[in-house]
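Data first, discussion second: the structure below is written as structure tokens.
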Amino acid sequence: MTEATAHLPAPVAVIERDALRYNAVDLLVRSGGIPIRVATKSVRVRAVLDAVLALPGYRGILAFTLAEALWLAEDHDDIVLGYPTVDTAGLTTLLADERLASRITLMIDDLAHLDLIDSIAAPGARPEVRVAIDVDASLRSAALGHIGVRRSSLFTAADVAGFARQVVRRPGFCLVGLQMYEAQIAGQGDAAGADAPIIRMVQARSRDELRRRRAEIAEAMRDVAPLEFLNGGGTGSLEFTGSDESLSEATAGSGLLAGHLFDGYRSFTPAPASAFAFDVVRKPEPDIATVLGGGWIASGPAVASRQPAPVWPSGLRTMPREAAGEVQTPLRGDAARDLRIGDRVWFRHAKSGEPAERINTYHLVADGAVVDELPTYRGEGKAFL
């Protein structure tokens with residue numbers, strides 16, 4: 001990578017084509033044949049999205065904002081918005097265009113979401129709006145409490161069916177799907193650490209509970225509305241998602257570029273497909289090399305795992321009091337002794353999509369050479385979140 005990109009100024013970001021191809025196929029194998037909807041927040045590069053969606057087995061997009069969905073709908077006709085929206089400007093655009101309304105499905109879990117849409121355009125004065133219900137897929141345990149992320153207030157089959165009946169009674173809306181994302185399984189590595197046995201135990205319990213509850217919800221919905229999809233999963237739980245007969249599709253995206261958070265899973269080993277490099281600009285001590293930049297921190301709890309990981313030369317580590325810095329990042333280790341001013345250090349981000357908010361282009365590398373330049377959302381002048 002260093003030789004392939006030596007002519008490019010730092011910071012330089014790359015996607016390795018063979019690794020991306022491997023990950024795209026591996027996700028399909030792991031899902032066991034269930035179609036995969038691509039989560040755009042974990043990619044944010046249209047060329048990668050288009051290439052993956054051209055593969056048999058991938059179907060549709062899970063977008064993260066309405067503005068993004070409207071933009072992608074110029075070229076794609078099956079877009080589900082993964083989160084509720086109160087973007088009145090975007091909703092006004094959607095409700096004024098029958099083609100856009102037919103291509104984009106909005107996510108809801110509260111009647112206030114419908115009220116907002118009706119306040120912008122009454123049912124008789126707009127196209128029918130496609131909606132899907134977001135259902136909480138966390139584990140609720142009397143002993144352990146709430147395990148998972150805080151999403152929808154809808155949890156039981158009775159909750160979902162009762163809400164769905166209110167939705168289908170509202171004119172101007174078409175209920176087409178459900179989403180249930182099990183973050184406590186898909187987003188939590190189980191391979192190492194003192195708490196790994198506990199994580200594995202909780203995840204096994206959650207899988208059993210979720211399989212039963214999804215079946216109950218799917219059964220309850222048969223009497224309410226015919227659904228086009230029941231979506232679940234994420235990169236970290238595709239084997240489970242593919243085996244759940246209640247689901248018609250899975251979602252994945254992070255596993256395509258494979259941030260280093262996925263190094264901590266037992267069930268799969270993705271190929272590191274993306275990386276970025278910074279230049280060494282100082283040598284304050286023989287075993288310290290300082291690079292310009294580095295503070296590309298991943299969202300989530302402010303812990304060490306959210307830092308970018310220096311991966312080459314191997315044996316470098318950030319320093320506890322400075323960590324990955326906004327402008328400079330000192331790195332300590334024996335490998336620093338061999339680094340000189342102007343040398344490069346390669347990092348992997350904790351997540352997959354977030355580096356695209358820092359760079360305008362990824363350089364696509366194949367067979368040791370740069371073969372293409374792929375603009376990110378940012379490089380196309382877009383900043384959605």
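Simple scheme: letters A, B, ... for chains in structure tokens order, numbers from 1 for residues in each chain, numbers from 1 for ligands in the order shown.
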
Query raised in the report: Skipping near chain neighbours, those fewer than 4 positions away, what residues fall within 10 Å of Ala157 in chain A using only C-alpha atoms, listed as a ChimeraX atom specification?
Result: /A:135,161-163,213-221

Excluding same-chain residues fewer than 4 positions from Gly57 in chain A, what lies within 12 Å of it counting only C-alpha atoms, as an mmCIF file with C-alpha atoms, in the first residue's frame?
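What ended up in part02.cif:
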```cif
data_model
loop_
_atom_site.group_PDB
_atom_site.id
_atom_site.type_symbol
_atom_site.label_atom_id
_atom_site.label_comp_id
_atom_site.auth_asym_id
_atom_site.auth_seq_id
_atom_site.Cartn_x
_atom_site.Cartn_y
_atom_site.Cartn_z
ATOM 1 C CA ALA A 24 -18.908 -9.193 -0.213
ATOM 2 C CA VAL A 25 -19.027 -12.903 -1.063
ATOM 3 C CA ASP A 26 -18.378 -14.006 2.519
ATOM 4 C CA LEU A 27 -21.379 -12.023 3.767
ATOM 5 C CA LEU A 28 -23.577 -13.895 1.290
ATOM 6 C CA VAL A 29 -22.185 -17.250 2.429
ATOM 7 C CA ARG A 30 -22.736 -16.374 6.067
ATOM 8 C CA SER A 31 -26.341 -15.249 5.463
ATOM 9 C CA GLY A 32 -27.222 -18.676 4.092
ATOM 10 C CA GLY A 33 -29.091 -17.394 1.058
ATOM 11 C CA ILE A 34 -31.332 -14.773 2.650
ATOM 12 C CA PRO A 35 -31.153 -11.522 0.622
ATOM 13 C CA ILE A 36 -28.938 -8.783 2.073
ATOM 14 C CA ARG A 37 -29.979 -5.141 2.156
ATOM 15 C CA VAL A 38 -26.903 -2.878 2.162
ATOM 16 C CA VAL A 52 -22.142 -4.707 -4.297
ATOM 17 C CA LEU A 53 -25.784 -4.313 -5.290
ATOM 18 C CA GLU A 249 -34.006 -10.339 4.507
ATOM 19 C CA ALA A 250 -30.917 -9.264 6.438
ATOM 20 C CA THR A 251 -29.013 -6.011 6.584
ATOM 21 C CA ALA A 252 -25.230 -5.704 6.433
#
```

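Checking A:Asp159, A:Asp87, A:Asp190, A:Asp244 one by one against Glu68 in chain A, counting only C-alpha atoms, you find the shortest gap at A:Asp87.
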
Query raised in the report: For Val14 in chain A, which residue out of A:Ser352, A:Ser274, A:Ser314, A:Ser248 is the nearest one, using only C-alpha atoms?
Result: A:Ser274

Per DSSP on the backbone, what are the helix (DSSP H, G or I) residues of range 62-283 of chain A, as an mmCIF file with C-alpha atoms, in the first residue's frame?
```cif
data_model
loop_
_atom_site.group_PDB
_atom_site.id
_atom_site.type_symbol
_atom_site.label_atom_id
_atom_site.label_comp_id
_atom_site.auth_asym_id
_atom_site.auth_seq_id
_atom_site.Cartn_x
_atom_site.Cartn_y
_atom_site.Cartn_z
ATOM 1 C CA LEU A 66 -34.086 11.067 4.221
ATOM 2 C CA ALA A 67 -31.851 13.516 2.352
ATOM 3 C CA GLU A 68 -29.519 10.631 1.517
ATOM 4 C CA ALA A 69 -32.437 8.425 0.469
ATOM 5 C CA LEU A 70 -33.787 11.110 -1.865
ATOM 6 C CA TRP A 71 -30.350 11.459 -3.446
ATOM 7 C CA LEU A 72 -29.855 7.714 -3.892
ATOM 8 C CA THR A 88 -39.889 18.508 6.862
ATOM 9 C CA ALA A 89 -38.025 19.795 3.791
ATOM 10 C CA GLY A 90 -37.207 16.261 2.729
ATOM 11 C CA LEU A 91 -40.733 15.045 3.421
ATOM 12 C CA THR A 92 -42.123 17.909 1.346
ATOM 13 C CA THR A 93 -39.949 16.789 -1.573
ATOM 14 C CA LEU A 94 -40.960 13.147 -1.122
ATOM 15 C CA LEU A 95 -44.682 13.892 -0.868
ATOM 16 C CA GLU A 98 -44.952 9.960 -6.868
ATOM 17 C CA ARG A 99 -41.795 8.312 -8.221
ATOM 18 C CA LEU A 100 -39.798 9.100 -5.079
ATOM 19 C CA ALA A 101 -42.666 7.988 -2.855
ATOM 20 C CA SER A 102 -42.751 4.634 -4.648
ATOM 21 C CA ARG A 103 -38.994 4.112 -4.171
ATOM 22 C CA LEU A 111 -48.224 7.790 15.352
ATOM 23 C CA ALA A 112 -46.594 11.219 15.630
ATOM 24 C CA HIS A 113 -44.513 10.257 12.595
ATOM 25 C CA LEU A 114 -47.722 9.855 10.585
ATOM 26 C CA ASP A 115 -49.198 13.048 12.012
ATOM 27 C CA LEU A 116 -46.165 14.993 10.804
ATOM 28 C CA ILE A 117 -46.547 13.638 7.279
ATOM 29 C CA ASP A 118 -50.254 14.471 7.219
ATOM 30 C CA SER A 119 -49.508 18.010 8.427
ATOM 31 C CA ILE A 120 -47.281 18.552 5.390
ATOM 32 C CA PRO A 123 -53.676 11.978 2.215
ATOM 33 C CA GLY A 124 -55.808 13.019 -0.747
ATOM 34 C CA ALA A 125 -53.241 15.544 -1.911
ATOM 35 C CA ALA A 157 -46.262 -9.023 19.381
ATOM 36 C CA ALA A 158 -49.243 -7.272 20.967
ATOM 37 C CA ASP A 159 -47.392 -3.931 20.841
ATOM 38 C CA VAL A 160 -46.552 -4.354 17.183
ATOM 39 C CA ALA A 161 -49.913 -5.671 16.018
ATOM 40 C CA GLY A 162 -51.791 -2.996 17.940
ATOM 41 C CA PHE A 163 -49.676 -0.230 16.439
ATOM 42 C CA ALA A 164 -49.869 -1.779 12.969
ATOM 43 C CA ARG A 165 -53.673 -1.806 13.089
ATOM 44 C CA GLN A 166 -53.662 1.919 13.776
ATOM 45 C CA VAL A 167 -51.289 2.465 10.853
ATOM 46 C CA VAL A 168 -53.335 0.516 8.314
ATOM 47 C CA ARG A 169 -56.458 2.437 9.321
ATOM 48 C CA ALA A 183 -27.397 -4.831 18.206
ATOM 49 C CA GLN A 184 -26.525 -6.884 21.292
ATOM 50 C CA ILE A 185 -25.657 -9.775 18.963
ATOM 51 C CA ALA A 186 -24.554 -8.114 15.727
ATOM 52 C CA ALA A 196 -16.258 -12.906 26.601
ATOM 53 C CA PRO A 197 -17.915 -15.919 28.305
ATOM 54 C CA ILE A 198 -20.616 -13.669 29.750
ATOM 55 C CA ILE A 199 -21.159 -12.010 26.367
ATOM 56 C CA ARG A 200 -21.555 -15.392 24.706
ATOM 57 C CA MET A 201 -24.033 -16.531 27.354
ATOM 58 C CA VAL A 202 -26.146 -13.379 27.049
ATOM 59 C CA GLN A 203 -26.079 -13.535 23.242
ATOM 60 C CA ALA A 204 -27.231 -17.175 23.263
ATOM 61 C CA ARG A 205 -30.108 -16.254 25.551
ATOM 62 C CA SER A 206 -30.967 -13.293 23.347
ATOM 63 C CA ARG A 207 -30.975 -15.428 20.190
ATOM 64 C CA ASP A 208 -33.426 -17.881 21.762
ATOM 65 C CA GLU A 209 -35.716 -15.115 22.999
ATOM 66 C CA LEU A 210 -35.573 -13.173 19.751
ATOM 67 C CA ARG A 211 -36.311 -16.192 17.580
ATOM 68 C CA ARG A 212 -39.483 -16.863 19.600
ATOM 69 C CA ARG A 213 -40.582 -13.232 19.681
ATOM 70 C CA ARG A 214 -40.008 -12.643 15.964
ATOM 71 C CA ALA A 215 -42.118 -15.690 15.170
ATOM 72 C CA GLU A 216 -44.900 -14.357 17.383
ATOM 73 C CA ILE A 217 -44.711 -10.938 15.738
ATOM 74 C CA ALA A 218 -44.698 -12.406 12.229
ATOM 75 C CA GLU A 219 -47.719 -14.546 13.092
ATOM 76 C CA ALA A 220 -49.599 -11.595 14.598
ATOM 77 C CA MET A 221 -48.907 -9.447 11.530
ATOM 78 C CA THR A 235 -22.752 -7.992 9.832
ATOM 79 C CA GLY A 236 -22.018 -9.569 13.209
ATOM 80 C CA SER A 237 -25.109 -11.796 13.311
ATOM 81 C CA LEU A 238 -25.688 -12.977 9.745
ATOM 82 C CA GLU A 239 -25.550 -16.694 10.583
ATOM 83 C CA PHE A 240 -28.336 -16.212 13.112
ATOM 84 C CA THR A 241 -30.321 -13.927 10.821
ATOM 85 C CA GLY A 242 -30.156 -16.362 7.934
ATOM 86 C CA SER A 243 -31.419 -19.199 10.127
ATOM 87 C CA SER A 254 -19.889 -2.773 7.960
ATOM 88 C CA GLY A 255 -18.438 -6.119 6.983
ATOM 89 C CA LEU A 256 -17.702 -4.933 3.459
ATOM 90 C CA LEU A 257 -14.866 -2.619 4.509
ATOM 91 C CA HIS A 260 -11.168 -3.310 13.359
ATOM 92 C CA LEU A 261 -14.112 -3.768 15.744
ATOM 93 C CA PHE A 262 -14.866 -6.920 13.736
ATOM 94 C CA ASP A 263 -11.543 -8.451 14.767
ATOM 95 C CA GLY A 264 -13.260 -9.548 17.977
#
```

Query - Those of range 102-138 of chain A in DSSP strand (DSSP E or B), formatted as a PyMOL selection string - result: chain A and resi 104-108+129-134

Using only C-alpha atoms, I'd like a table of the residues in range 310-344 of chain A that come within 9 Å of range 281-286 of chain A; for each, show the closest atom pair and its distance in Å rounded to one decimal, ordered by chain and ascending number, as a tab-separated table.
```
residue	atom	partner	partner_atom	distance
A:Gln328	CA	A:Val281	CA	8.8
A:Pro330	CA	A:Arg282	CA	8.5
A:Asp334	CA	A:Pro286	CA	8.7
A:Ala336	CA	A:Pro286	CA	7.1
A:Arg337	CA	A:Pro286	CA	5.3
A:Asp338	CA	A:Pro286	CA	8.6
A:Leu339	CA	A:Lys283	CA	8.5
A:Arg340	CA	A:Lys283	CA	7.5
A:Ile341	CA	A:Val281	CA	5.2
A:Gly342	CA	A:Val281	CA	6.2
A:Asp343	CA	A:Val281	CA	8.3
```

Requested in this report: List the neighbours of Gly300 in chain A out to 12 Å using only C-alpha atoms; skip same-chain residues closer than 2 positions along the sequence, and give me the result as a PyMOL selection string.
Outcome: chain A and resi 149+187+261+297-298+302-307+350-351+354

Query raised in the report: Leaving out Glu182 in chain A and any residue of its chain fewer than 5 positions from it, which residues lie within 7 Å of it when counting only C-alpha atoms, given as number ranges by chain?
Result: A: 137-138, 233

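Taking CA of Arg348 in chain A as the reference point, CA of Leu385 in chain A is found at 21.3 Å.
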
Query raised in the report: Rounded to one decimal in Å, what is the spacing between CA of Trp296 in chain A and CA of Gly253 in chain A?
Result: 19.4 Å

Query raised in the report: Which of these residues is nearest to Ala277 in chain A, using only C-alpha atoms: A:Ala132, A:Ala309, A:Ala73, A:Val370?
Result: A:Ala309

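Across the structure, CA of Phe278 in chain A and CA of Phe347 in chain A are spaced 8.2 Å apart.
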
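Among the candidates A:Ala143, A:Ala194, A:Ala275, A:Ala96, the residue lying nearest to Leu364 in chain A is A:Ala275 (atoms considered: only C-alpha atoms).
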